[in-house]
Amino acid sequence: MDHRAINRALFKVHGRLGFESLGTLSKSGLDRHAEEYGMKDVFRGIAISLVAAYLYCILLLLNESLLEKQFEYHFIELFIITPLFFMLYASWFVFPTGALLGFLIPKAVKNETRKRAIIYGALFGVGLGVVGGCVLSVFFNSWLSTNTRWTDPVWRASFAKKTAEACFAITLYSIPWTTIYAYLRSARFG
């Protein structure tokens, strides 16, 4: 094969990918691929999940303070240090979950009415709440009792109760986020 044939073959491949010439990428090609693969929605989902995790941490801290009837958090602790630590600690779950929901929700509601988008969003919120509650419960409760065996019925009952509470709380928190996102991403009114 001569040099020109190789260049033509490379140009055919790169031309399909949005490259105008070897080494340059056209803006229209970038936009087309980002839209085709839903990358904007993925990043939007990650951003929304980070905001939701930040606010969830603040709500947990405020709830804890109200239940104990004493408020011992300073402004910087409540709004900066603890939420950022929580987001860093939970980032292994928050980033992929946000990316997945940012990708799936727009695909699910693309050609649906707004009413159906609300239903789909609520179902995504329930799914996220159940999975998130179970994950949260396993990672925050199981390691606390390393000396206790899974065969202990008292510990299992306590763990089941904490898991159900976490699933319920995260479901209630997730449904508005996923429903609003699905509503805004749906294509049709009705």
# chains A, B, ... in the order shown; residues from 1 in each chain; ligands from 1

$ residues_around --residues "range 149-165 of chain A" --least-positions-apart "4" --cutoff "10 Å" --atoms "only C-alpha atoms" --output "PDB file with C-alpha atoms, in the first residue's frame"
ATOM      1  CA  VAL A 130     -33.534   1.235  47.424  1.00  0.00           C
ATOM      2  CA  GLY A 132     -28.637   3.776  47.777  1.00  0.00           C
ATOM      3  CA  GLY A 133     -30.258   2.821  51.081  1.00  0.00           C
ATOM      4  CA  CYS A 134     -28.864  -0.695  50.947  1.00  0.00           C
ATOM      5  CA  VAL A 135     -25.388   0.536  50.000  1.00  0.00           C
ATOM      6  CA  LEU A 136     -25.453   3.233  52.671  1.00  0.00           C
ATOM      7  CA  SER A 137     -26.611   0.749  55.275  1.00  0.00           C
ATOM      8  CA  VAL A 138     -23.985  -1.839  54.405  1.00  0.00           C
ATOM      9  CA  PHE A 140     -22.082   2.694  57.355  1.00  0.00           C
ATOM     10  CA  ASN A 141     -23.574   0.054  59.658  1.00  0.00           C
ATOM     11  CA  SER A 142     -21.899  -3.274  58.993  1.00  0.00           C
ATOM     12  CA  SER A 145     -20.008  -4.099  64.471  1.00  0.00           C
ATOM     13  CA  ALA A 169     -35.189   8.188  53.650  1.00  0.00           C
ATOM     14  CA  ILE A 170     -33.114   8.090  50.479  1.00  0.00           C
ATOM     15  CA  THR A 171     -36.163   7.178  48.385  1.00  0.00           C
TER      16      THR A 171
END

$ residues_around --residues "Tyr120 in chain A" --least-positions-apart "6" --cutoff "9 Å" --atoms "only C-alpha atoms" --output "VMD selection string"
chain A and resid 105 108 to 109 178 to 179 182

$ write_last_selection --atoms "N, CA and C atoms" --output "compact mmCIF listing (two decimals), in the first residue's frame"
# COMPACT_ATOMS: atom_id res chain seq x y z
N ILE A 105 -32.02 8.53 32.29
CA ILE A 105 -33.29 9.27 32.39
C ILE A 105 -33.64 9.99 31.09
N ALA A 108 -34.85 7.47 28.62
CA ALA A 108 -36.14 6.87 28.96
C ALA A 108 -37.30 7.82 28.67
N VAL A 109 -37.09 9.12 28.82
CA VAL A 109 -38.20 10.06 28.67
C VAL A 109 -38.12 10.86 27.38
N THR A 178 -35.02 13.04 40.83
CA THR A 178 -35.13 12.31 39.58
C THR A 178 -36.39 12.69 38.81
N THR A 179 -37.46 12.99 39.52
CA THR A 179 -38.71 13.37 38.86
C THR A 179 -38.58 14.72 38.16
N ALA A 182 -36.37 14.25 35.11
CA ALA A 182 -37.10 13.58 34.03
C ALA A 182 -38.12 14.51 33.39

$ closest_atom_pairs --of "range 87-165 of chain A" --to "range 42-49 of chain A" --cutoff "9 Å" --atoms "only C-alpha atoms" --output "CSV"
residue,atom,partner,partner_atom,distance
A:Val94,CA,A:Ser49,CA,6.2
A:Phe95,CA,A:Ile46,CA,5.6
A:Pro96,CA,A:Ile46,CA,7.6
A:Thr97,CA,A:Ser49,CA,7.6
A:Gly98,CA,A:Ile46,CA,4.3
A:Ala99,CA,A:Val42,CA,4.5
A:Leu100,CA,A:Val42,CA,6.9
A:Leu101,CA,A:Gly45,CA,6.2
A:Gly102,CA,A:Gly45,CA,3.8
A:Phe103,CA,A:Val42,CA,5.1
A:Leu104,CA,A:Val42,CA,8.7

$ write_last_selection --atoms "C-alpha atoms" --output "mmCIF file, in the first residue's frame"
data_model
loop_
_atom_site.group_PDB
_atom_site.id
_atom_site.type_symbol
_atom_site.label_atom_id
_atom_site.label_comp_id
_atom_site.auth_asym_id
_atom_site.auth_seq_id
_atom_site.Cartn_x
_atom_site.Cartn_y
_atom_site.Cartn_z
ATOM 1 C CA VAL A 94 -22.281 9.486 43.790
ATOM 2 C CA PHE A 95 -20.264 9.912 40.568
ATOM 3 C CA PRO A 96 -21.242 6.635 38.842
ATOM 4 C CA THR A 97 -24.841 6.866 40.006
ATOM 5 C CA GLY A 98 -25.144 10.425 38.738
ATOM 6 C CA ALA A 99 -23.537 9.474 35.435
ATOM 7 C CA LEU A 100 -25.809 6.455 35.029
ATOM 8 C CA LEU A 101 -28.998 8.341 35.858
ATOM 9 C CA GLY A 102 -27.866 11.308 33.768
ATOM 10 C CA PHE A 103 -27.518 8.935 30.841
ATOM 11 C CA LEU A 104 -30.612 6.758 31.412
#

$ closest_residue --among "A:Gly121, A:Cys57, A:Phe93, A:Trp177" --to "Ile81 in chain A" --atoms "only C-alpha atoms"
A:Cys57

$ residues_around --residues "Lys107 in chain A" --least-positions-apart "4" --cutoff "9 Å" --atoms "only C-alpha atoms" --output "number ranges by chain"
A: 38, 103, 111, 185

$ atom_distance --atom1 "CA of Ile175 in chain A" --atom2 "CA of Phe75 in chain A"
28.3 Å

$ closest_residue --among "A:Lys110, A:Val126, A:Ile118, A:Ile58" --to "Ile80 in chain A" --atoms "only C-alpha atoms"
A:Ile58

$ select_by_dssp --residues "range 50-143 of chain A" --states "alpha helix (DSSP H)" --output "PyMOL selection string"
chain A and resi 50-68+75-76+82-89+91-109+114-141

$ write_last_selection --atoms "C-alpha atoms" --output "CSV table (one decimal), in the first residue's frame"
chain,number,residue,atom,x,y,z
A,50,LEU,CA,-23.1,16.2,43.6
A,51,VAL,CA,-25.5,19.0,44.5
A,52,ALA,CA,-28.0,16.4,45.9
A,53,ALA,CA,-25.3,14.7,48.0
A,54,TYR,CA,-24.1,18.0,49.4
A,55,LEU,CA,-27.6,19.0,50.4
A,56,TYR,CA,-28.4,15.5,51.8
A,57,CYS,CA,-25.4,15.8,54.1
A,58,ILE,CA,-26.6,19.2,55.4
A,59,LEU,CA,-30.1,17.8,55.9
A,60,LEU,CA,-28.6,14.8,57.9
A,61,LEU,CA,-26.6,17.1,60.1
A,62,LEU,CA,-29.6,19.4,60.7
A,63,ASN,CA,-31.8,16.4,61.5
A,64,GLU,CA,-29.2,15.0,63.9
A,65,SER,CA,-29.0,18.4,65.7
A,66,LEU,CA,-32.8,18.7,65.9
A,67,LEU,CA,-33.2,15.2,67.3
A,68,GLU,CA,-30.5,15.8,70.0
A,75,PHE,CA,-21.2,27.5,59.9
A,76,ILE,CA,-17.9,26.3,58.2
A,82,THR,CA,-18.5,18.0,56.7
A,83,PRO,CA,-20.4,18.1,53.3
A,84,LEU,CA,-17.2,18.1,51.4
A,85,PHE,CA,-15.8,15.2,53.4
A,86,PHE,CA,-19.1,13.3,52.9
A,87,MET,CA,-19.0,13.9,49.2
A,88,LEU,CA,-15.4,12.8,49.0
A,89,TYR,CA,-16.2,9.7,51.1
A,91,SER,CA,-17.9,9.9,45.6
A,92,TRP,CA,-17.3,6.3,44.6
A,93,PHE,CA,-21.2,5.9,44.6
A,94,VAL,CA,-22.3,9.5,43.8
A,95,PHE,CA,-20.3,9.9,40.6
A,96,PRO,CA,-21.2,6.6,38.8
A,97,THR,CA,-24.8,6.9,40.0
A,98,GLY,CA,-25.1,10.4,38.7
A,99,ALA,CA,-23.5,9.5,35.4
A,100,LEU,CA,-25.8,6.5,35.0
A,101,LEU,CA,-29.0,8.3,35.9
A,102,GLY,CA,-27.9,11.3,33.8
A,103,PHE,CA,-27.5,8.9,30.8
A,104,LEU,CA,-30.6,6.8,31.4
A,105,ILE,CA,-33.3,9.3,32.4
A,106,PRO,CA,-33.1,11.4,29.2
A,107,LYS,CA,-33.1,8.2,27.1
A,108,ALA,CA,-36.1,6.9,29.0
A,109,VAL,CA,-38.2,10.1,28.7
A,114,ARG,CA,-44.5,15.1,30.7
A,115,LYS,CA,-46.9,13.0,32.8
A,116,ARG,CA,-45.2,9.8,31.8
A,117,ALA,CA,-41.8,11.4,32.5
A,118,ILE,CA,-42.9,12.2,36.0
A,119,ILE,CA,-43.8,8.5,36.5
A,120,TYR,CA,-40.5,7.4,35.1
A,121,GLY,CA,-38.6,9.9,37.2
A,122,ALA,CA,-40.4,8.6,40.3
A,123,LEU,CA,-39.5,5.0,39.4
A,124,PHE,CA,-35.9,6.0,38.9
A,125,GLY,CA,-36.0,7.7,42.3
A,126,VAL,CA,-37.4,4.6,44.0
A,127,GLY,CA,-34.8,2.4,42.4
A,128,LEU,CA,-32.1,4.9,43.5
A,129,GLY,CA,-33.5,5.0,47.0
A,130,VAL,CA,-33.5,1.2,47.4
A,131,VAL,CA,-30.0,0.7,46.0
A,132,GLY,CA,-28.6,3.8,47.8
A,133,GLY,CA,-30.3,2.8,51.1
A,134,CYS,CA,-28.9,-0.7,50.9
A,135,VAL,CA,-25.4,0.5,50.0
A,136,LEU,CA,-25.5,3.2,52.7
A,137,SER,CA,-26.6,0.7,55.3
A,138,VAL,CA,-24.0,-1.8,54.4
A,139,PHE,CA,-21.1,0.6,54.4
A,140,PHE,CA,-22.1,2.7,57.4
A,141,ASN,CA,-23.6,0.1,59.7

$ atom_distance --atom1 "CA of Ala187 in chain A" --atom2 "CA of Glu112 in chain A"
6.4 Å

$ atom_distance --atom1 "CA of Glu77 in chain A" --atom2 "CA of Ile180 in chain A"
29.5 Å

$ decode --residues "range 97-120 of chain A" --atoms "N, CA and C atoms" --output "PDB file, in the first residue's frame"
ATOM      1  N   THR A  97     -23.379   6.834  39.971  1.00  0.00           N
ATOM      2  CA  THR A  97     -24.841   6.866  40.006  1.00  0.00           C
ATOM      3  C   THR A  97     -25.365   8.079  39.249  1.00  0.00           C
ATOM      4  N   GLY A  98     -24.742   9.224  39.471  1.00  0.00           N
ATOM      5  CA  GLY A  98     -25.144  10.425  38.738  1.00  0.00           C
ATOM      6  C   GLY A  98     -24.937  10.275  37.247  1.00  0.00           C
ATOM      7  N   ALA A  99     -23.807   9.686  36.864  1.00  0.00           N
ATOM      8  CA  ALA A  99     -23.537   9.474  35.435  1.00  0.00           C
ATOM      9  C   ALA A  99     -24.561   8.515  34.829  1.00  0.00           C
ATOM     10  N   LEU A 100     -24.855   7.441  35.543  1.00  0.00           N
ATOM     11  CA  LEU A 100     -25.809   6.455  35.029  1.00  0.00           C
ATOM     12  C   LEU A 100     -27.208   7.048  34.897  1.00  0.00           C
ATOM     13  N   LEU A 101     -27.664   7.739  35.936  1.00  0.00           N
ATOM     14  CA  LEU A 101     -28.998   8.341  35.858  1.00  0.00           C
ATOM     15  C   LEU A 101     -29.026   9.493  34.862  1.00  0.00           C
ATOM     16  N   GLY A 102     -27.933  10.245  34.759  1.00  0.00           N
ATOM     17  CA  GLY A 102     -27.866  11.308  33.768  1.00  0.00           C
ATOM     18  C   GLY A 102     -27.928  10.773  32.351  1.00  0.00           C
ATOM     19  N   PHE A 103     -27.463   9.567  32.154  1.00  0.00           N
ATOM     20  CA  PHE A 103     -27.518   8.935  30.841  1.00  0.00           C
ATOM     21  C   PHE A 103     -28.877   8.277  30.592  1.00  0.00           C
ATOM     22  N   LEU A 104     -29.399   7.554  31.609  1.00  0.00           N
ATOM     23  CA  LEU A 104     -30.612   6.758  31.412  1.00  0.00           C
ATOM     24  C   LEU A 104     -31.903   7.568  31.402  1.00  0.00           C
ATOM     25  N   ILE A 105     -32.025   8.534  32.292  1.00  0.00           N
ATOM     26  CA  ILE A 105     -33.294   9.268  32.393  1.00  0.00           C
ATOM     27  C   ILE A 105     -33.643   9.986  31.087  1.00  0.00           C
ATOM     28  N   PRO A 106     -32.736  10.754  30.478  1.00  0.00           N
ATOM     29  CA  PRO A 106     -33.107  11.392  29.214  1.00  0.00           C
ATOM     30  C   PRO A 106     -33.458  10.389  28.116  1.00  0.00           C
ATOM     31  N   LYS A 107     -32.772   9.247  28.098  1.00  0.00           N
ATOM     32  CA  LYS A 107     -33.098   8.222  27.096  1.00  0.00           C
ATOM     33  C   LYS A 107     -34.494   7.648  27.353  1.00  0.00           C
ATOM     34  N   ALA A 108     -34.849   7.471  28.621  1.00  0.00           N
ATOM     35  CA  ALA A 108     -36.142   6.872  28.961  1.00  0.00           C
ATOM     36  C   ALA A 108     -37.302   7.815  28.672  1.00  0.00           C
ATOM     37  N   VAL A 109     -37.094   9.115  28.816  1.00  0.00           N
ATOM     38  CA  VAL A 109     -38.200  10.059  28.670  1.00  0.00           C
ATOM     39  C   VAL A 109     -38.122  10.865  27.380  1.00  0.00           C
ATOM     40  N   LYS A 110     -37.256  10.461  26.484  1.00  0.00           N
ATOM     41  CA  LYS A 110     -36.995  11.233  25.270  1.00  0.00           C
ATOM     42  C   LYS A 110     -38.262  11.545  24.471  1.00  0.00           C
ATOM     43  N   ASN A 111     -39.081  10.566  24.230  1.00  0.00           N
ATOM     44  CA  ASN A 111     -40.287  10.766  23.417  1.00  0.00           C
ATOM     45  C   ASN A 111     -41.564  10.602  24.229  1.00  0.00           C
ATOM     46  N   GLU A 112     -41.473  10.823  25.514  1.00  0.00           N
ATOM     47  CA  GLU A 112     -42.628  10.640  26.397  1.00  0.00           C
ATOM     48  C   GLU A 112     -43.259  11.980  26.741  1.00  0.00           C
ATOM     49  N   THR A 113     -44.511  11.913  27.142  1.00  0.00           N
ATOM     50  CA  THR A 113     -45.182  13.117  27.621  1.00  0.00           C
ATOM     51  C   THR A 113     -44.625  13.480  28.996  1.00  0.00           C
ATOM     52  N   ARG A 114     -44.945  14.675  29.431  1.00  0.00           N
ATOM     53  CA  ARG A 114     -44.450  15.123  30.741  1.00  0.00           C
ATOM     54  C   ARG A 114     -45.048  14.282  31.868  1.00  0.00           C
ATOM     55  N   LYS A 115     -46.293  13.857  31.713  1.00  0.00           N
ATOM     56  CA  LYS A 115     -46.923  13.030  32.756  1.00  0.00           C
ATOM     57  C   LYS A 115     -46.209  11.690  32.895  1.00  0.00           C
ATOM     58  N   ARG A 116     -45.900  11.067  31.779  1.00  0.00           N
ATOM     59  CA  ARG A 116     -45.172   9.789  31.838  1.00  0.00           C
ATOM     60  C   ARG A 116     -43.742   9.990  32.325  1.00  0.00           C
ATOM     61  N   ALA A 117     -43.160  11.127  31.994  1.00  0.00           N
ATOM     62  CA  ALA A 117     -41.808  11.427  32.469  1.00  0.00           C
ATOM     63  C   ALA A 117     -41.789  11.537  33.993  1.00  0.00           C
ATOM     64  N   ILE A 118     -42.831  12.090  34.570  1.00  0.00           N
ATOM     65  CA  ILE A 118     -42.926  12.178  36.034  1.00  0.00           C
ATOM     66  C   ILE A 118     -42.975  10.779  36.633  1.00  0.00           C
ATOM     67  N   ILE A 119     -43.736   9.889  36.018  1.00  0.00           N
ATOM     68  CA  ILE A 119     -43.829   8.512  36.515  1.00  0.00           C
ATOM     69  C   ILE A 119     -42.475   7.819  36.393  1.00  0.00           C
ATOM     70  N   TYR A 120     -41.823   7.960  35.235  1.00  0.00           N
ATOM     71  CA  TYR A 120     -40.501   7.357  35.065  1.00  0.00           C
ATOM     72  C   TYR A 120     -39.495   7.929  36.064  1.00  0.00           C
TER      73      TYR A 120
END
